[in-house]
$ cat my_file.tsv   # TSV, C-alpha atoms
chain	number	residue	atom	x	y	z
A	1	ILE	CA	-1.20	-7.61	0.87
A	2	HIS	CA	-2.01	-11.06	2.14
A	3	MET	CA	1.57	-12.20	1.59
A	4	SER	CA	2.89	-9.34	3.74
A	5	GLY	CA	0.81	-10.70	6.60
A	6	GLU	CA	2.05	-14.22	5.98
A	7	LEU	CA	5.66	-13.01	5.91
A	8	PHE	CA	5.10	-11.15	9.18
A	9	LYS	CA	3.61	-14.26	10.79
A	10	THR	CA	6.53	-16.41	9.62
A	11	LEU	CA	9.29	-14.02	10.68
A	12	THR	CA	7.80	-13.25	14.07
A	13	GLU	CA	6.39	-16.71	14.74
A	14	THR	CA	3.12	-14.97	15.59
A	15	ASN	CA	-0.06	-17.01	15.77
A	16	MET	CA	-2.51	-14.89	13.79
A	17	THR	CA	-5.56	-16.08	11.91
A	18	ALA	CA	-5.69	-14.85	8.32
A	19	VAL	CA	-9.22	-13.78	7.43
A	20	PRO	CA	-9.79	-14.19	3.69
A	21	PHE	CA	-11.49	-11.11	2.30
A	22	ALA	CA	-12.25	-10.48	-1.34
A	23	GLY	CA	-9.90	-7.48	-1.38
A	24	SER	CA	-9.47	-4.31	0.60
A	25	GLY	CA	-13.01	-3.15	-0.18
A	26	ALA	CA	-14.31	-5.94	2.01
A	27	ALA	CA	-11.52	-5.89	4.59
A	28	LEU	CA	-11.67	-2.16	5.38
A	29	PRO	CA	-15.19	-2.14	6.88
A	30	ALA	CA	-14.25	-5.14	9.04
A	31	LEU	CA	-11.16	-3.32	10.28
A	32	LEU	CA	-13.04	-0.07	10.90
A	33	GLY	CA	-15.83	-1.96	12.65
A	34	GLY	CA	-13.44	-3.81	14.94
A	35	ASP	CA	-14.29	-7.21	13.47
A	36	VAL	CA	-10.58	-7.78	12.79
A	37	ASP	CA	-7.77	-6.43	14.95
A	38	VAL	CA	-5.04	-5.71	12.41
A	39	SER	CA	-4.54	-5.73	8.67
A	40	PHE	CA	-1.77	-5.17	6.17
A	41	GLU	CA	-3.22	-2.64	3.73
A	42	ASN	CA	-2.03	-0.35	0.97
A	43	MET	CA	-1.64	3.26	2.04
A	44	PRO	CA	-4.23	4.71	-0.39
A	45	THR	CA	-6.87	2.41	1.10
A	46	VAL	CA	-6.36	3.53	4.69
A	47	PHE	CA	-4.63	6.92	4.62
A	48	SER	CA	-7.75	9.05	5.14
A	49	HIS	CA	-8.80	6.79	8.03
A	50	ILE	CA	-5.37	7.16	9.62
A	51	GLN	CA	-5.60	10.94	9.23
A	52	SER	CA	-9.06	11.01	10.80
A	53	GLY	CA	-7.95	8.86	13.73
A	54	ASP	CA	-10.30	6.00	12.90
A	55	LEU	CA	-7.27	3.75	12.31
A	56	ARG	CA	-3.81	3.79	13.84
A	57	ALA	CA	-0.73	3.09	11.72
A	58	LEU	CA	1.55	0.78	13.68
A	59	ALA	CA	4.32	0.55	11.08
A	60	VAL	CA	4.98	0.80	7.36
A	61	THR	CA	6.43	-2.08	5.38
A	62	SER	CA	8.63	-0.01	3.06
A	63	ALA	CA	12.39	0.32	3.52
A	64	GLU	CA	12.03	3.99	4.50
A	65	ARG	CA	9.43	5.87	6.52
A	66	SER	CA	6.58	7.32	4.53
A	67	GLU	CA	6.85	11.04	3.88
A	68	PHE	CA	3.12	11.15	4.65
A	69	LEU	CA	3.46	9.40	8.03
A	70	PRO	CA	6.92	10.47	9.17
A	71	ASP	CA	6.32	9.49	12.83
A	72	VAL	CA	5.38	5.91	11.94
A	73	PRO	CA	8.38	3.55	12.00
A	74	THR	CA	9.17	0.92	9.42
A	75	LEU	CA	8.95	-2.72	10.47
A	76	LYS	CA	12.62	-2.89	9.54
A	77	GLU	CA	13.33	-0.07	12.03
A	78	ILE	CA	11.58	-1.93	14.80
A	79	GLY	CA	14.05	-4.70	14.08
A	80	GLU	CA	12.87	-7.05	16.80
A	81	TYR	CA	11.27	-10.40	16.13
A	82	ASN	CA	13.32	-10.97	12.95
A	83	LEU	CA	11.83	-7.89	11.29
A	84	ASP	CA	15.16	-6.28	10.37
A	85	GLN	CA	14.85	-7.70	6.84
A	86	PHE	CA	11.11	-7.07	6.40
A	87	VAL	CA	10.43	-4.83	3.40
A	88	THR	CA	7.43	-5.09	1.10
A	89	THR	CA	5.84	-2.50	-1.14
A	90	ALA	CA	2.90	-2.44	-3.53
A	91	TRP	CA	2.88	-1.70	-7.20
A	92	PHE	CA	-0.19	-0.47	-9.04
A	93	GLY	CA	-0.30	-0.61	-12.79
A	94	LEU	CA	-2.68	-0.42	-15.68
A	95	ILE	CA	-2.66	-3.72	-17.55
A	96	ALA	CA	-4.47	-5.13	-20.56
A	97	HIS	CA	-5.04	-8.46	-22.23
A	98	HIS	CA	-2.22	-9.57	-24.55
A	99	SER	CA	-4.49	-8.94	-27.56
A	100	PHE	CA	-4.80	-5.21	-26.78
A	101	PRO	CA	-3.66	-3.39	-29.97
A	102	GLU	CA	-0.16	-1.87	-29.98
A	103	GLU	CA	-1.42	1.49	-31.29
A	104	ALA	CA	-3.95	1.65	-28.47
A	105	THR	CA	-1.21	0.77	-25.98
A	106	ALA	CA	0.97	3.62	-27.27
A	107	ALA	CA	-1.93	6.10	-27.16
A	108	MET	CA	-2.86	4.98	-23.64
A	109	GLN	CA	0.74	5.29	-22.38
A	110	LYS	CA	1.04	8.80	-23.86
A	111	ALA	CA	-2.25	9.92	-22.31
A	112	LEU	CA	-1.36	8.43	-18.92
A	113	GLN	CA	2.03	10.15	-18.93
A	114	GLU	CA	0.33	13.47	-19.63
A	115	VAL	CA	-2.12	12.93	-16.77
A	116	MET	CA	0.65	11.89	-14.37
A	117	GLU	CA	2.54	15.11	-15.11
A	118	ARG	CA	-0.41	17.30	-14.07
A	119	GLU	CA	-0.39	19.03	-10.69
A	120	GLU	CA	-3.94	17.79	-10.09
A	121	PHE	CA	-2.78	14.18	-10.34
A	122	THR	CA	0.20	14.74	-8.05
A	123	SER	CA	-2.06	16.40	-5.47
A	124	PHE	CA	-4.58	13.58	-5.71
A	125	VAL	CA	-1.92	10.92	-5.21
A	126	GLU	CA	-0.51	12.78	-2.21
A	127	GLN	CA	-3.98	13.02	-0.64
A	128	LEU	CA	-4.02	9.22	-0.71
A	129	GLY	CA	-0.61	9.02	0.95
A	130	ALA	CA	0.81	7.38	-2.15
A	131	GLU	CA	3.98	8.06	-4.07
A	132	LYS	CA	3.74	8.79	-7.78
A	133	GLY	CA	5.63	6.35	-9.97
A	134	THR	CA	6.90	6.80	-13.47

$ encode --input "my_file.tsv" --output "C-alpha coordinates"
Amino acid sequence: IHMSGELFKTLTETNMTAVPFAGSGAALPALLGGDVDVSFENMPTVFSHIQSGDLRALAVTSAERSEFLPDVPTLKEIGEYNLDQFVTTAWFGLIAHHSFPEEATAAMQKALQEVMEREEFTSFVEQLGAEKGT
(Lines of atoms letter the chains of each structure in order from A and count residues from 1; the text may use other names and numbers.)
(Lines give C-alpha, C1' and ligand atoms only; values in the text may rest on other atoms or scores of the structure.)
Protein backbone atom coordinates (compact mmCIF):
# COMPACT_ATOMS: atom_id res chain seq x y z
CA ILE A 1 0.00 0.00 0.00
CA HIS A 2 2.79 2.35 0.94
CA MET A 3 4.52 1.76 -2.38
CA SER A 4 1.37 2.76 -4.30
CA GLY A 5 1.54 6.12 -2.56
CA GLU A 6 5.23 6.47 -3.34
CA LEU A 7 4.61 5.61 -6.99
CA PHE A 8 1.83 8.19 -7.13
CA LYS A 9 4.10 10.84 -5.61
CA THR A 10 6.88 10.06 -8.08
CA LEU A 11 4.70 10.01 -11.20
CA THR A 12 2.77 13.14 -10.32
CA GLU A 13 5.66 15.00 -8.71
CA THR A 14 3.31 15.65 -5.79
CA ASN A 15 4.75 16.82 -2.49
CA MET A 16 2.97 14.59 0.02
CA THR A 17 4.21 13.53 3.42
CA ALA A 18 4.07 9.78 3.98
CA VAL A 19 2.82 9.03 7.48
CA PRO A 20 4.22 5.69 8.65
CA PHE A 21 1.47 3.63 10.24
CA ALA A 22 1.82 0.08 11.48
CA GLY A 23 -0.68 -1.15 8.89
CA SER A 24 -4.20 -0.29 7.85
CA GLY A 25 -5.56 -0.97 11.34
CA ALA A 26 -3.74 2.10 12.55
CA ALA A 27 -4.15 4.19 9.40
CA LEU A 28 -7.92 3.82 9.06
CA PRO A 29 -8.87 5.64 12.29
CA ALA A 30 -6.52 8.49 11.34
CA LEU A 31 -8.18 8.74 7.92
CA LEU A 32 -11.70 8.55 9.36
CA GLY A 33 -10.81 11.11 12.01
CA GLY A 34 -9.38 13.56 9.49
CA ASP A 35 -5.85 13.31 10.90
CA VAL A 36 -4.60 12.41 7.40
CA ASP A 37 -6.11 13.71 4.18
CA VAL A 38 -5.68 10.77 1.81
CA SER A 39 -4.51 7.18 1.90
CA PHE A 40 -3.93 4.33 -0.49
CA GLU A 41 -5.82 1.42 1.06
CA ASN A 42 -7.02 -2.04 0.09
CA MET A 43 -10.69 -2.18 -0.81
CA PRO A 44 -11.72 -4.61 1.96
CA THR A 45 -10.35 -2.19 4.55
CA VAL A 46 -12.37 0.80 3.39
CA PHE A 47 -15.33 -0.51 1.37
CA SER A 48 -17.92 -0.30 4.15
CA HIS A 49 -16.77 3.25 4.95
CA ILE A 50 -17.10 4.23 1.30
CA GLN A 51 -20.60 2.73 1.22
CA SER A 52 -21.60 4.60 4.38
CA GLY A 53 -20.26 7.89 3.05
CA ASP A 54 -17.64 8.26 5.76
CA LEU A 55 -14.92 8.04 3.10
CA ARG A 56 -14.91 9.06 -0.55
CA ALA A 57 -13.21 6.92 -3.18
CA LEU A 58 -11.27 9.21 -5.50
CA ALA A 59 -9.91 6.50 -7.80
CA VAL A 60 -8.98 2.83 -7.90
CA THR A 61 -5.47 1.67 -8.74
CA SER A 62 -6.45 -1.41 -10.75
CA ALA A 63 -6.38 -1.52 -14.55
CA GLU A 64 -10.19 -1.67 -14.71
CA ARG A 65 -12.91 -0.04 -12.65
CA SER A 66 -14.11 -2.03 -9.68
CA GLU A 67 -17.41 -3.81 -10.21
CA PHE A 68 -18.25 -2.69 -6.67
CA LEU A 69 -17.53 1.01 -7.35
CA PRO A 70 -18.39 1.36 -11.03
CA ASP A 71 -18.60 5.18 -10.91
CA VAL A 72 -15.08 5.55 -9.50
CA PRO A 73 -12.45 5.98 -12.23
CA THR A 74 -9.10 4.25 -12.35
CA LEU A 75 -5.99 6.38 -11.94
CA LYS A 76 -5.05 5.13 -15.39
CA GLU A 77 -8.34 6.53 -16.74
CA ILE A 78 -7.63 9.92 -15.27
CA GLY A 79 -4.45 9.80 -17.31
CA GLU A 80 -3.18 13.23 -16.34
CA TYR A 81 -0.04 13.81 -14.34
CA ASN A 82 1.71 10.74 -15.81
CA LEU A 83 -0.94 8.40 -14.39
CA ASP A 84 -1.72 6.65 -17.68
CA GLN A 85 0.59 3.79 -16.70
CA PHE A 86 -0.40 3.62 -13.01
CA VAL A 87 -1.74 0.18 -12.10
CA THR A 88 -1.25 -1.56 -8.77
CA THR A 89 -3.28 -4.29 -7.12
CA ALA A 90 -3.05 -6.22 -3.86
CA TRP A 91 -2.69 -9.92 -3.36
CA PHE A 92 -3.74 -11.67 -0.17
CA GLY A 93 -2.54 -15.16 0.53
CA LEU A 94 -2.21 -17.66 3.29
CA ILE A 95 1.45 -18.42 3.88
CA ALA A 96 3.40 -20.62 6.26
CA HIS A 97 6.96 -21.12 7.40
CA HIS A 98 9.08 -23.29 5.10
CA SER A 99 9.04 -26.06 7.73
CA PHE A 100 5.23 -26.43 7.55
CA PRO A 101 4.60 -30.14 6.75
CA GLU A 102 3.65 -31.03 3.15
CA GLU A 103 0.67 -33.15 4.26
CA ALA A 104 -0.65 -30.23 6.31
CA THR A 105 -0.16 -27.93 3.31
CA ALA A 106 -2.17 -30.28 1.09
CA ALA A 107 -4.96 -30.59 3.68
CA MET A 108 -5.05 -26.82 4.16
CA GLN A 109 -5.21 -26.15 0.40
CA LYS A 110 -8.06 -28.65 -0.01
CA ALA A 111 -10.03 -27.14 2.88
CA LEU A 112 -9.47 -23.59 1.63
CA GLN A 113 -10.62 -24.52 -1.88
CA GLU A 114 -13.81 -26.00 -0.42
CA VAL A 115 -14.46 -22.85 1.60
CA MET A 116 -13.79 -20.58 -1.39
CA GLU A 117 -16.36 -22.49 -3.45
CA ARG A 118 -19.15 -21.83 -0.93
CA GLU A 119 -21.76 -19.18 -1.63
CA GLU A 120 -21.26 -17.81 1.88
CA PHE A 121 -17.61 -17.08 1.13
CA THR A 122 -18.39 -15.43 -2.20
CA SER A 123 -21.02 -13.24 -0.53
CA PHE A 124 -18.63 -12.31 2.26
CA VAL A 125 -15.88 -11.34 -0.18
CA GLU A 126 -18.32 -9.24 -2.21
CA GLN A 127 -19.49 -7.42 0.94
CA LEU A 128 -15.87 -6.32 1.37
CA GLY A 129 -15.69 -5.09 -2.22
CA ALA A 130 -13.04 -7.68 -2.99
CA GLU A 131 -12.68 -10.08 -5.87
CA LYS A 132 -12.33 -13.77 -5.14
CA GLY A 133 -9.12 -15.32 -6.42
CA THR A 134 -8.36 -18.91 -7.18

$ closest_residue --input "my_file.tsv" --among "A:Met16, A:Val36, A:Val87, A:Leu28" --to "Ala59 in chain A" --atoms "all atoms listed in the file"
A:Val87

$ atom_distance --input "my_file.tsv" --atom1 "CA of Val46 in chain A" --atom2 "CA of Ala130 in chain A"
10.6 Å

$ closest_residue --input "my_file.tsv" --among "A:Glu120, A:Pro73, A:Met43, A:Leu94" --to "Met108 in chain A" --atoms "only C-alpha atoms"
A:Leu94

$ residues_around --input "my_file.tsv" --residues "Ser66 in chain A" --least-positions-apart "5" --cutoff "12 Å" --atoms "all atoms listed in the file" --output "PyMOL selection string"
chain A and resi 43+47+57+59-61+71-75+89+126+128-131

$ atom_distance --input "my_file.tsv" --atom1 "CA of Glu6 in chain A" --atom2 "CA of Ser52 in chain A"
28.0 Å

$ atom_distance --input "my_file.tsv" --atom1 "CA of Asn82 in chain A" --atom2 "CA of Thr10 in chain A"
9.3 Å

$ closest_residue --input "my_file.tsv" --among "A:Asp35, A:Met116, A:Leu69, A:Pro29" --to "Gln51 in chain A" --atoms "only C-alpha atoms"
A:Leu69

$ closest_residue --input "my_file.tsv" --among "A:Thr122, A:Ala18, A:Gly93, A:Phe8" --to "Gln109 in chain A" --atoms "all atoms listed in the file"
A:Gly93

$ closest_residue --input "my_file.tsv" --among "A:Ala30, A:Val125, A:Val19, A:Ala104" --to "His2 in chain A" --atoms "all atoms listed in the file"
A:Val19

$ closest_residue --input "my_file.tsv" --among "A:Pro70, A:His98, A:Gly33, A:Phe21" --to "Asp54 in chain A" --atoms "all atoms listed in the file"
A:Gly33

$ build_atoms --input "my_file.tsv" --residues "range 66-86 of chain A" --atoms "N, CA, C and O atoms" --output "CSV table (one decimal), in the coordinates of the input"
chain,number,residue,atom,x,y,z
A,66,SER,N,7.4,6.6,5.5
A,66,SER,CA,6.6,7.3,4.5
A,66,SER,C,6.7,8.8,4.8
A,66,SER,O,6.6,9.3,5.9
A,67,GLU,N,6.8,9.6,3.7
A,67,GLU,CA,6.8,11.0,3.9
A,67,GLU,C,5.5,11.5,4.4
A,67,GLU,O,5.4,12.6,4.9
A,68,PHE,N,4.5,10.8,4.2
A,68,PHE,CA,3.1,11.2,4.6
A,68,PHE,C,2.8,10.8,6.1
A,68,PHE,O,1.9,11.3,6.7
A,69,LEU,N,3.6,9.8,6.6
A,69,LEU,CA,3.5,9.4,8.0
A,69,LEU,C,4.9,9.3,8.6
A,69,LEU,O,5.3,8.3,9.0
A,70,PRO,N,5.5,10.5,8.8
A,70,PRO,CA,6.9,10.5,9.2
A,70,PRO,C,7.2,10.0,10.6
A,70,PRO,O,8.3,9.6,10.9
A,71,ASP,N,6.2,10.0,11.5
A,71,ASP,CA,6.3,9.5,12.8
A,71,ASP,C,6.1,8.0,13.0
A,71,ASP,O,6.2,7.4,14.1
A,72,VAL,N,5.7,7.3,11.9
A,72,VAL,CA,5.4,5.9,11.9
A,72,VAL,C,6.6,5.1,11.5
A,72,VAL,O,7.1,5.4,10.4
A,73,PRO,N,7.1,4.3,12.4
A,73,PRO,CA,8.4,3.6,12.0
A,73,PRO,C,8.1,2.5,10.9
A,73,PRO,O,7.0,2.1,10.7
A,74,THR,N,9.2,2.1,10.3
A,74,THR,CA,9.2,0.9,9.4
A,74,THR,C,9.3,-0.3,10.3
A,74,THR,O,9.8,-0.3,11.4
A,75,LEU,N,8.8,-1.5,9.8
A,75,LEU,CA,9.0,-2.7,10.5
A,75,LEU,C,10.4,-3.0,10.6
A,75,LEU,O,10.9,-3.6,11.6
A,76,LYS,N,11.2,-2.7,9.6
A,76,LYS,CA,12.6,-2.9,9.5
A,76,LYS,C,13.3,-2.1,10.7
A,76,LYS,O,14.2,-2.6,11.4
A,77,GLU,N,12.8,-0.9,10.9
A,77,GLU,CA,13.3,-0.1,12.0
A,77,GLU,C,13.1,-0.7,13.4
A,77,GLU,O,13.9,-0.6,14.3
A,78,ILE,N,11.9,-1.3,13.5
A,78,ILE,CA,11.6,-1.9,14.8
A,78,ILE,C,12.6,-3.0,15.1
A,78,ILE,O,13.1,-3.2,16.2
A,79,GLY,N,12.9,-3.8,14.0
A,79,GLY,CA,14.0,-4.7,14.1
A,79,GLY,C,13.9,-5.9,15.0
A,79,GLY,O,14.7,-6.9,14.8
A,80,GLU,N,13.0,-5.9,15.9
A,80,GLU,CA,12.9,-7.0,16.8
A,80,GLU,C,12.1,-8.1,16.1
A,80,GLU,O,11.5,-7.9,15.0
A,81,TYR,N,12.1,-9.3,16.7
A,81,TYR,CA,11.3,-10.4,16.1
A,81,TYR,C,11.6,-10.8,14.7
A,81,TYR,O,10.7,-11.1,13.9
A,82,ASN,N,12.9,-10.6,14.3
A,82,ASN,CA,13.3,-11.0,13.0
A,82,ASN,C,12.8,-10.0,11.9
A,82,ASN,O,12.7,-10.4,10.7
A,83,LEU,N,12.4,-8.8,12.3
A,83,LEU,CA,11.8,-7.9,11.3
A,83,LEU,C,12.9,-7.0,10.6
A,83,LEU,O,12.5,-6.2,9.8
A,84,ASP,N,14.1,-7.2,10.9
A,84,ASP,CA,15.2,-6.3,10.4
A,84,ASP,C,15.3,-6.4,8.9
A,84,ASP,O,15.8,-5.5,8.2
A,85,GLN,N,14.8,-7.5,8.3
A,85,GLN,CA,14.8,-7.7,6.8
A,85,GLN,C,13.5,-7.6,6.2
A,85,GLN,O,13.3,-7.8,5.0
A,86,PHE,N,12.5,-7.1,6.9
A,86,PHE,CA,11.1,-7.1,6.4
A,86,PHE,C,10.9,-5.8,5.6
A,86,PHE,O,10.9,-4.7,6.1
